[in-house]
>>> print(open('run-v6.txt').read())   # compact mmCIF, N, CA and C atoms
# COMPACT_ATOMS: atom_id res chain seq x y z
N MET O 4 29.43 165.28 217.95
CA MET O 4 28.21 164.71 217.44
C MET O 4 28.27 164.70 215.92
N TYR O 5 27.65 163.65 215.34
CA TYR O 5 27.62 163.52 213.89
C TYR O 5 26.54 164.44 213.31
N PRO O 6 26.78 164.85 212.09
CA PRO O 6 25.71 165.64 211.45
C PRO O 6 24.47 164.77 211.24
N ARG O 7 23.35 165.40 211.10
CA ARG O 7 22.06 164.71 211.00
C ARG O 7 22.03 163.74 209.81
N TRP O 8 22.58 164.07 208.67
CA TRP O 8 22.53 163.20 207.50
C TRP O 8 23.32 161.92 207.74
N GLN O 9 24.41 161.99 208.53
CA GLN O 9 25.17 160.78 208.83
C GLN O 9 24.40 159.86 209.80
N GLN O 10 23.70 160.47 210.72
CA GLN O 10 22.88 159.69 211.65
C GLN O 10 21.79 158.92 210.90
N ARG O 11 21.21 159.56 209.90
CA ARG O 11 20.16 158.92 209.11
C ARG O 11 20.73 157.75 208.29
N ILE O 12 21.91 157.93 207.78
CA ILE O 12 22.54 156.85 207.00
C ILE O 12 22.83 155.65 207.91
N VAL O 13 23.38 155.92 209.08
CA VAL O 13 23.68 154.84 210.02
C VAL O 13 22.39 154.13 210.43
N PHE O 14 21.34 154.88 210.70
CA PHE O 14 20.05 154.30 211.08
C PHE O 14 19.49 153.45 209.94
N ALA O 15 19.59 153.93 208.72
CA ALA O 15 19.09 153.19 207.56
C ALA O 15 19.87 151.88 207.38
N LEU O 16 21.20 151.93 207.54
CA LEU O 16 22.01 150.72 207.40
C LEU O 16 21.68 149.69 208.49
N LEU O 17 21.50 150.15 209.70
CA LEU O 17 21.13 149.23 210.78
C LEU O 17 19.74 148.63 210.54
N SER O 18 18.83 149.43 210.04
CA SER O 18 17.48 148.93 209.75
C SER O 18 17.51 147.88 208.64
N LEU O 19 18.28 148.12 207.59
CA LEU O 19 18.40 147.17 206.50
C LEU O 19 19.05 145.87 206.97
N THR O 20 20.05 145.98 207.81
CA THR O 20 20.71 144.78 208.34
C THR O 20 19.72 143.94 209.15
N LEU O 21 18.95 144.59 209.99
CA LEU O 21 17.94 143.89 210.79
C LEU O 21 16.88 143.27 209.88
N LEU O 22 16.45 144.00 208.87
CA LEU O 22 15.44 143.49 207.95
C LEU O 22 15.94 142.25 207.21
N PHE O 23 17.16 142.28 206.69
CA PHE O 23 17.70 141.13 205.97
C PHE O 23 17.90 139.93 206.89
N THR O 24 18.24 140.18 208.13
CA THR O 24 18.40 139.09 209.09
C THR O 24 17.07 138.39 209.32
N CYS O 25 16.01 139.19 209.49
CA CYS O 25 14.68 138.61 209.72
C CYS O 25 14.18 137.87 208.48
N VAL O 26 14.39 138.44 207.29
CA VAL O 26 13.95 137.81 206.06
C VAL O 26 14.71 136.51 205.83
N ASP O 27 16.01 136.51 206.10
CA ASP O 27 16.83 135.32 205.93
C ASP O 27 16.34 134.20 206.86
N ALA O 28 16.00 134.56 208.09
CA ALA O 28 15.51 133.56 209.04
C ALA O 28 14.14 133.02 208.59
N ALA O 29 13.31 133.88 208.04
CA ALA O 29 11.99 133.45 207.59
C ALA O 29 12.08 132.56 206.35
N LEU O 30 13.05 132.83 205.48
CA LEU O 30 13.19 132.05 204.26
C LEU O 30 14.01 130.78 204.45
N ALA O 31 14.63 130.65 205.60
CA ALA O 31 15.42 129.44 205.84
C ALA O 31 14.51 128.22 205.79
N LYS O 32 15.00 127.17 205.15
CA LYS O 32 14.20 125.96 205.03
C LYS O 32 14.13 125.25 206.37
N LYS O 33 12.92 124.81 206.68
CA LYS O 33 12.78 124.07 207.93
C LYS O 33 13.18 122.63 207.72
N LYS O 34 13.57 122.02 208.80
CA LYS O 34 14.00 120.63 208.74
C LYS O 34 12.76 119.75 208.55
N PRO O 35 12.74 118.93 207.51
CA PRO O 35 11.56 118.09 207.26
C PRO O 35 11.41 117.03 208.34
N PRO O 36 10.21 116.51 208.51
CA PRO O 36 10.00 115.48 209.53
C PRO O 36 10.72 114.19 209.17
N SER O 37 11.09 113.44 210.19
CA SER O 37 11.82 112.18 209.97
C SER O 37 10.87 111.02 209.66
N TYR O 38 9.58 111.25 209.78
CA TYR O 38 8.59 110.22 209.50
C TYR O 38 7.44 110.89 208.74
N PRO O 39 6.71 110.12 207.92
CA PRO O 39 5.60 110.72 207.18
C PRO O 39 4.47 111.14 208.12
N ILE O 40 3.85 112.26 207.81
CA ILE O 40 2.77 112.81 208.62
C ILE O 40 1.43 112.35 208.04
N ASN O 41 0.59 111.77 208.88
CA ASN O 41 -0.75 111.34 208.46
C ASN O 41 -1.68 112.54 208.50
N ILE O 42 -2.17 112.97 207.35
CA ILE O 42 -3.00 114.17 207.32
C ILE O 42 -4.39 113.95 207.91
N ASN O 43 -4.76 112.71 208.16
CA ASN O 43 -6.06 112.44 208.78
C ASN O 43 -6.03 112.48 210.30
N SER O 44 -4.85 112.48 210.90
CA SER O 44 -4.79 112.50 212.36
C SER O 44 -3.80 113.52 212.90
N ALA O 45 -3.09 114.24 212.04
CA ALA O 45 -2.05 115.16 212.49
C ALA O 45 -2.64 116.43 213.10
N SER O 46 -1.92 116.96 214.07
CA SER O 46 -2.28 118.24 214.67
C SER O 46 -1.69 119.36 213.82
N SER O 47 -2.01 120.58 214.18
CA SER O 47 -1.49 121.73 213.45
C SER O 47 0.04 121.78 213.54
N ALA O 48 0.57 121.51 214.70
CA ALA O 48 2.03 121.54 214.89
C ALA O 48 2.71 120.48 214.04
N GLU O 49 2.12 119.30 213.95
CA GLU O 49 2.71 118.23 213.13
C GLU O 49 2.66 118.59 211.65
N LEU O 50 1.55 119.18 211.21
CA LEU O 50 1.44 119.57 209.81
C LEU O 50 2.45 120.65 209.45
N GLN O 51 2.75 121.55 210.39
CA GLN O 51 3.69 122.63 210.13
C GLN O 51 5.12 122.15 210.03
N MET O 52 5.39 120.92 210.41
CA MET O 52 6.74 120.36 210.25
C MET O 52 7.05 120.10 208.78
N VAL O 53 6.01 119.95 207.97
CA VAL O 53 6.17 119.64 206.56
C VAL O 53 6.56 120.91 205.80
N PRO O 54 7.64 120.87 205.00
CA PRO O 54 8.00 122.04 204.20
C PRO O 54 6.85 122.42 203.26
N GLY O 55 6.50 123.68 203.28
CA GLY O 55 5.40 124.17 202.44
C GLY O 55 4.10 124.34 203.20
N ILE O 56 4.05 123.90 204.44
CA ILE O 56 2.84 124.07 205.26
C ILE O 56 3.18 124.97 206.43
N GLY O 57 2.55 126.12 206.43
CA GLY O 57 2.69 127.07 207.53
C GLY O 57 1.46 127.04 208.41
N PRO O 58 1.36 127.97 209.35
CA PRO O 58 0.20 127.97 210.26
C PRO O 58 -1.14 128.13 209.54
N ALA O 59 -1.19 129.01 208.54
CA ALA O 59 -2.46 129.24 207.83
C ALA O 59 -2.89 128.00 207.04
N THR O 60 -1.95 127.39 206.34
CA THR O 60 -2.27 126.19 205.55
C THR O 60 -2.65 125.03 206.46
N ALA O 61 -1.94 124.88 207.57
CA ALA O 61 -2.27 123.80 208.52
C ALA O 61 -3.70 123.99 209.03
N GLN O 62 -4.08 125.23 209.31
CA GLN O 62 -5.42 125.50 209.79
C GLN O 62 -6.46 125.17 208.72
N LYS O 63 -6.16 125.47 207.46
CA LYS O 63 -7.07 125.15 206.36
C LYS O 63 -7.24 123.63 206.21
N ILE O 64 -6.15 122.90 206.38
CA ILE O 64 -6.21 121.44 206.28
C ILE O 64 -7.09 120.88 207.41
N LEU O 65 -6.90 121.37 208.62
CA LEU O 65 -7.69 120.90 209.75
C LEU O 65 -9.16 121.24 209.56
N GLN O 66 -9.45 122.44 209.06
CA GLN O 66 -10.84 122.85 208.84
C GLN O 66 -11.50 122.00 207.77
N THR O 67 -10.76 121.71 206.69
CA THR O 67 -11.30 120.86 205.62
C THR O 67 -11.58 119.46 206.14
N ARG O 68 -10.66 118.93 206.94
CA ARG O 68 -10.84 117.59 207.52
C ARG O 68 -12.06 117.56 208.45
N LYS O 69 -12.25 118.63 209.20
CA LYS O 69 -13.39 118.70 210.12
C LYS O 69 -14.71 118.82 209.35
N SER O 70 -14.72 119.59 208.28
CA SER O 70 -15.95 119.83 207.52
C SER O 70 -16.35 118.67 206.63
N TYR O 71 -15.38 118.07 205.96
CA TYR O 71 -15.68 117.07 204.93
C TYR O 71 -15.29 115.65 205.30
N GLY O 72 -14.67 115.46 206.44
CA GLY O 72 -14.26 114.12 206.84
C GLY O 72 -12.83 113.83 206.43
N SER O 73 -12.42 112.59 206.60
CA SER O 73 -11.04 112.21 206.36
C SER O 73 -10.70 112.27 204.88
N PHE O 74 -9.42 112.48 204.60
CA PHE O 74 -8.92 112.52 203.23
C PHE O 74 -8.76 111.10 202.72
N LYS O 75 -9.07 110.89 201.47
CA LYS O 75 -8.91 109.57 200.84
C LYS O 75 -7.53 109.42 200.21
N ASP O 76 -6.94 110.55 199.78
CA ASP O 76 -5.67 110.54 199.07
C ASP O 76 -4.97 111.88 199.33
N VAL O 77 -3.66 111.90 199.17
CA VAL O 77 -2.90 113.14 199.35
C VAL O 77 -3.34 114.18 198.32
N ASN O 78 -3.76 113.72 197.14
CA ASN O 78 -4.22 114.65 196.10
C ASN O 78 -5.46 115.42 196.51
N ASP O 79 -6.18 114.99 197.53
CA ASP O 79 -7.34 115.72 198.01
C ASP O 79 -6.96 117.10 198.55
N LEU O 80 -5.69 117.29 198.88
CA LEU O 80 -5.23 118.59 199.38
C LEU O 80 -5.31 119.67 198.29
N LEU O 81 -5.40 119.26 197.04
CA LEU O 81 -5.51 120.23 195.95
C LEU O 81 -6.80 121.03 196.04
N ALA O 82 -7.79 120.53 196.75
CA ALA O 82 -9.05 121.25 196.91
C ALA O 82 -8.91 122.43 197.86
N ILE O 83 -7.81 122.49 198.61
CA ILE O 83 -7.60 123.57 199.57
C ILE O 83 -6.99 124.76 198.85
N ARG O 84 -7.59 125.91 199.05
CA ARG O 84 -7.10 127.12 198.41
C ARG O 84 -5.69 127.43 198.90
N GLY O 85 -4.81 127.66 197.95
CA GLY O 85 -3.41 127.97 198.28
C GLY O 85 -2.48 126.79 198.05
N ILE O 86 -3.03 125.60 197.86
CA ILE O 86 -2.20 124.43 197.57
C ILE O 86 -2.40 124.07 196.11
N GLY O 87 -1.35 124.27 195.33
CA GLY O 87 -1.38 123.91 193.92
C GLY O 87 -0.57 122.66 193.67
N GLN O 88 -0.49 122.28 192.42
CA GLN O 88 0.20 121.04 192.07
C GLN O 88 1.68 121.09 192.41
N LYS O 89 2.34 122.23 192.12
CA LYS O 89 3.79 122.33 192.40
C LYS O 89 4.06 122.26 193.90
N ARG O 90 3.25 122.95 194.66
CA ARG O 90 3.44 122.94 196.11
C ARG O 90 3.16 121.55 196.68
N LEU O 91 2.13 120.91 196.18
CA LEU O 91 1.80 119.56 196.65
C LEU O 91 2.91 118.57 196.31
N ASP O 92 3.51 118.72 195.14
CA ASP O 92 4.60 117.82 194.75
C ASP O 92 5.78 117.92 195.70
N LYS O 93 6.05 119.12 196.23
CA LYS O 93 7.14 119.30 197.20
C LYS O 93 6.79 118.68 198.55
N MET O 94 5.50 118.69 198.90
CA MET O 94 5.07 118.20 200.22
C MET O 94 4.78 116.70 200.22
N ARG O 95 4.49 116.14 199.05
CA ARG O 95 3.97 114.78 198.94
C ARG O 95 4.81 113.72 199.66
N LYS O 96 6.14 113.82 199.57
CA LYS O 96 6.97 112.77 200.16
C LYS O 96 6.97 112.78 201.69
N TYR O 97 6.41 113.84 202.28
CA TYR O 97 6.35 113.93 203.74
C TYR O 97 4.95 113.63 204.28
N LEU O 98 4.01 113.34 203.38
CA LEU O 98 2.63 113.14 203.79
C LEU O 98 2.15 111.73 203.47
N VAL O 99 1.25 111.24 204.28
CA VAL O 99 0.64 109.93 204.07
C VAL O 99 -0.83 110.04 204.48
N VAL O 100 -1.67 109.20 203.89
CA VAL O 100 -3.08 109.17 204.24
C VAL O 100 -3.41 107.77 204.71
N SER O 101 -3.91 107.67 205.91
CA SER O 101 -4.41 106.40 206.42
C SER O 101 -5.65 106.71 207.23
N LYS O 102 -6.43 105.67 207.48
CA LYS O 102 -7.66 105.88 208.22
C LYS O 102 -7.34 106.30 209.64
N PRO O 103 -8.09 107.27 210.18
CA PRO O 103 -7.86 107.64 211.58
C PRO O 103 -8.31 106.51 212.49
N PRO O 104 -7.70 106.36 213.67
CA PRO O 104 -8.10 105.28 214.57
C PRO O 104 -9.55 105.45 214.98
N ALA O 105 -10.28 104.34 215.04
CA ALA O 105 -11.68 104.38 215.44
C ALA O 105 -11.77 104.75 216.91
N ALA O 106 -12.63 105.69 217.20
CA ALA O 106 -12.80 106.12 218.58
C ALA O 106 -13.64 105.12 219.33
N ARG O 107 -13.18 104.71 220.48
CA ARG O 107 -13.93 103.78 221.31
C ARG O 107 -14.86 104.58 222.19
N THR O 108 -16.10 104.13 222.28
CA THR O 108 -17.05 104.81 223.14
C THR O 108 -17.40 103.89 224.30
N PRO O 109 -17.25 104.37 225.51
CA PRO O 109 -17.61 103.55 226.67
C PRO O 109 -19.12 103.34 226.71
N ALA O 110 -19.56 102.28 227.38
CA ALA O 110 -20.98 101.92 227.43
C ALA O 110 -21.81 103.02 228.07
N HIS O 111 -21.26 103.72 229.06
CA HIS O 111 -22.05 104.74 229.76
C HIS O 111 -22.29 105.98 228.91
N SER O 112 -21.53 106.14 227.82
CA SER O 112 -21.75 107.31 226.98
C SER O 112 -22.84 107.06 225.95
N ASN O 113 -23.23 105.81 225.75
CA ASN O 113 -24.27 105.47 224.81
C ASN O 113 -25.58 105.32 225.59
N PRO O 114 -26.53 106.23 225.37
CA PRO O 114 -27.75 106.17 226.18
C PRO O 114 -28.57 104.91 225.96
N GLY O 115 -28.45 104.26 224.82
CA GLY O 115 -29.23 103.06 224.54
C GLY O 115 -28.60 101.79 225.08
N ALA O 116 -27.33 101.87 225.45
CA ALA O 116 -26.63 100.67 225.91
C ALA O 116 -26.93 100.41 227.37
N THR O 117 -26.93 99.14 227.74
CA THR O 117 -27.14 98.78 229.14
C THR O 117 -25.96 97.95 229.60
N THR O 118 -25.64 98.07 230.84
CA THR O 118 -24.57 97.26 231.40
C THR O 118 -25.19 96.05 232.09
N SER O 119 -24.37 95.10 232.49
CA SER O 119 -24.88 93.88 233.11
C SER O 119 -25.57 94.18 234.44
N ALA O 120 -25.17 95.25 235.13
CA ALA O 120 -25.78 95.57 236.41
C ALA O 120 -27.18 96.15 236.23
N THR O 121 -27.43 96.84 235.13
CA THR O 121 -28.73 97.46 234.94
C THR O 121 -29.60 96.71 233.95
N ALA O 122 -29.10 95.65 233.37
CA ALA O 122 -29.87 94.91 232.37
C ALA O 122 -31.00 94.13 233.03
N LYS O 123 -32.16 94.15 232.39
CA LYS O 123 -33.30 93.41 232.91
C LYS O 123 -33.24 91.99 232.35
N PRO O 124 -33.64 91.01 233.16
CA PRO O 124 -33.65 89.64 232.63
C PRO O 124 -34.69 89.51 231.52
N LYS O 125 -34.38 88.69 230.56
CA LYS O 125 -35.30 88.51 229.44
C LYS O 125 -36.47 87.64 229.87
N ALA O 126 -37.66 88.02 229.41
CA ALA O 126 -38.86 87.24 229.70
C ALA O 126 -38.91 86.06 228.73
N PRO O 127 -39.53 84.96 229.15
CA PRO O 127 -39.65 83.83 228.23
C PRO O 127 -40.52 84.25 227.05
N PRO O 128 -40.35 83.60 225.93
CA PRO O 128 -41.13 83.99 224.77
C PRO O 128 -42.62 83.80 225.02
N ALA O 129 -43.39 84.73 224.50
CA ALA O 129 -44.84 84.68 224.70
C ALA O 129 -45.42 83.53 223.89
N LYS O 130 -46.39 82.86 224.49
CA LYS O 130 -47.04 81.75 223.81
C LYS O 130 -48.20 82.31 223.00
N SER O 131 -48.46 81.65 221.93
CA SER O 131 -49.58 82.09 221.10
C SER O 131 -50.88 81.71 221.78
N ALA O 132 -51.97 82.35 221.39
CA ALA O 132 -53.28 82.06 221.98
C ALA O 132 -53.72 80.63 221.68
N ALA O 133 -53.42 80.15 220.47
CA ALA O 133 -53.81 78.78 220.10
C ALA O 133 -53.07 77.77 220.95
N ALA O 134 -51.81 78.02 221.26
CA ALA O 134 -51.05 77.09 222.09
C ALA O 134 -51.60 77.07 223.50
N GLY O 135 -52.04 78.22 224.00
CA GLY O 135 -52.61 78.29 225.34
C GLY O 135 -53.91 77.52 225.43
N ILE O 136 -54.74 77.61 224.40
CA ILE O 136 -56.03 76.89 224.39
C ILE O 136 -55.77 75.39 224.32
N ALA O 137 -54.83 74.98 223.49
CA ALA O 137 -54.53 73.55 223.36
C ALA O 137 -54.03 73.00 224.68
N GLN O 138 -53.25 73.80 225.41
CA GLN O 138 -52.72 73.32 226.69
C GLN O 138 -53.85 73.18 227.69
N LYS O 139 -54.80 74.11 227.69
CA LYS O 139 -55.93 74.02 228.62
C LYS O 139 -56.78 72.79 228.31
N LYS O 140 -56.99 72.50 227.03
CA LYS O 140 -57.78 71.34 226.66
C LYS O 140 -57.10 70.05 227.10
N SER O 141 -55.81 69.99 226.96
CA SER O 141 -55.13 68.74 227.30
C SER O 141 -55.09 68.53 228.80
N SER O 142 -55.14 69.59 229.60
CA SER O 142 -55.09 69.42 231.04
C SER O 142 -56.48 69.22 231.64
N ALA O 143 -57.55 69.51 230.89
CA ALA O 143 -58.91 69.34 231.42
C ALA O 143 -59.28 67.85 231.37
N PRO O 144 -59.97 67.39 232.37
CA PRO O 144 -60.36 65.98 232.37
C PRO O 144 -61.36 65.68 231.25
N THR O 145 -61.23 64.55 230.69
CA THR O 145 -62.13 64.13 229.62
C THR O 145 -63.41 63.59 230.22
N ALA O 146 -64.43 63.34 229.40
CA ALA O 146 -65.72 62.85 229.87
C ALA O 146 -65.58 61.45 230.46
N ARG O 147 -64.72 60.61 229.89
CA ARG O 147 -64.52 59.29 230.42
C ARG O 147 -63.88 59.32 231.80
N GLU O 148 -62.94 60.23 231.98
CA GLU O 148 -62.28 60.32 233.28
C GLU O 148 -63.26 60.75 234.35
N GLU O 149 -64.22 61.59 234.00
CA GLU O 149 -65.16 62.07 234.99
C GLU O 149 -66.14 60.96 235.39
N GLU O 150 -66.47 60.08 234.44
CA GLU O 150 -67.46 59.04 234.73
C GLU O 150 -66.89 57.93 235.59
N GLU O 151 -65.64 57.65 235.47
CA GLU O 151 -65.07 56.55 236.27
C GLU O 151 -64.88 57.00 237.70
N PRO O 152 -65.28 56.07 238.62
CA PRO O 152 -65.13 56.43 240.04
C PRO O 152 -63.76 56.27 240.57
>>> encode(input="run-v6.txt", output="structure tokens")
Amino acid sequence: MYPRWQQRIVFALLSLTLLFTCVDAALAKKKPPSYPININSASSAELQMVPGIGPATAQKILQTRKSYGSFKDVNDLLAIRGIGQKRLDKMRKYLVVSKPPAARTPAHSNPGATTSATAKPKAPPAKSAAAGIAQKKSSAPTAREEEEP
């Protein structure tokens, strides 16, 4: 058996080797996306493909988009805590801003909308009171008509 001090040295060397392996893997650069990521429609996983965006930053971007609406420009990311000008400059070539696709809403989800099966037929336009009186006068027999047999 080895003396206790040698066991501690071996344990320390193994621990350092494991630590450097983990740090090296964490610091390894991730492969950038092959297409630009739209920050107005990207998911957390898509945002994390961009170098410089990790899980926490992706979550902040999604929260900002949810709270304030869609981004107008990539520079709007500067408002997010943790994203500075240097970091944004590294990420900029992998990001794009475009309008998110408009969500289509089916007719049944809109309470005010009616479908052709439930729509009521339109009534004819209402006549004014003056028009109704004039029509009655024109259809009533005149005094001359009453006198002739």
>>> closest_residue(input="run-v6.txt", among="O:Thr60, O:Thr20, O:Ser101, O:Asn43", to="Arg84 (chain O)", atoms="all atoms listed in the file")
O:Thr60
>>> closest_residue(input="run-v6.txt", among="O:Leu17, O:Ala59, O:Val53, O:Leu22", to="Met94 (chain O)", atoms="only C-alpha atoms")
O:Val53
>>> atom_distance(input="run-v6.txt", atom1="CA of Gly55 (chain O)", atom2="CA of Leu19 (chain O)")
26.7 Å
>>> atom_distance(input="run-v6.txt", atom1="CA of Pro35 (chain O)", atom2="CA of Met52 (chain O)")
6.1 Å
>>> atom_distance(input="run-v6.txt", atom1="CA of Lys34 (chain O)", atom2="CA of Val99 (chain O)")
17.7 Å
>>> select_by_dssp(input="run-v6.txt", residues="region 24-91 of chain O", states="alpha helix (DSSP H)", output="ChimeraX atom specification")
/O:24-30,47-50,58-71,88-91
>>> closest_residue(input="run-v6.txt", among="O:Val100, O:Val13, O:Leu65, O:Ala82", to="Ser47 (chain O)", atoms="only C-alpha atoms")
O:Leu65
>>> axis_aligned_box(input="run-v6.txt", around="region 72-81 of chain O", padding_each_side="4 Å", output="JSON")
{"center_x": -8.8, "center_y": 115.2, "center_z": 201.4, "size_x": 19.8, "size_y": 19.6, "size_z": 18.9}
>>> closest_residue(input="run-v6.txt", among="O:Arg7, O:Ile64, O:Phe14, O:Val77", to="Ala48 (chain O)", atoms="only C-alpha atoms")
O:Ile64
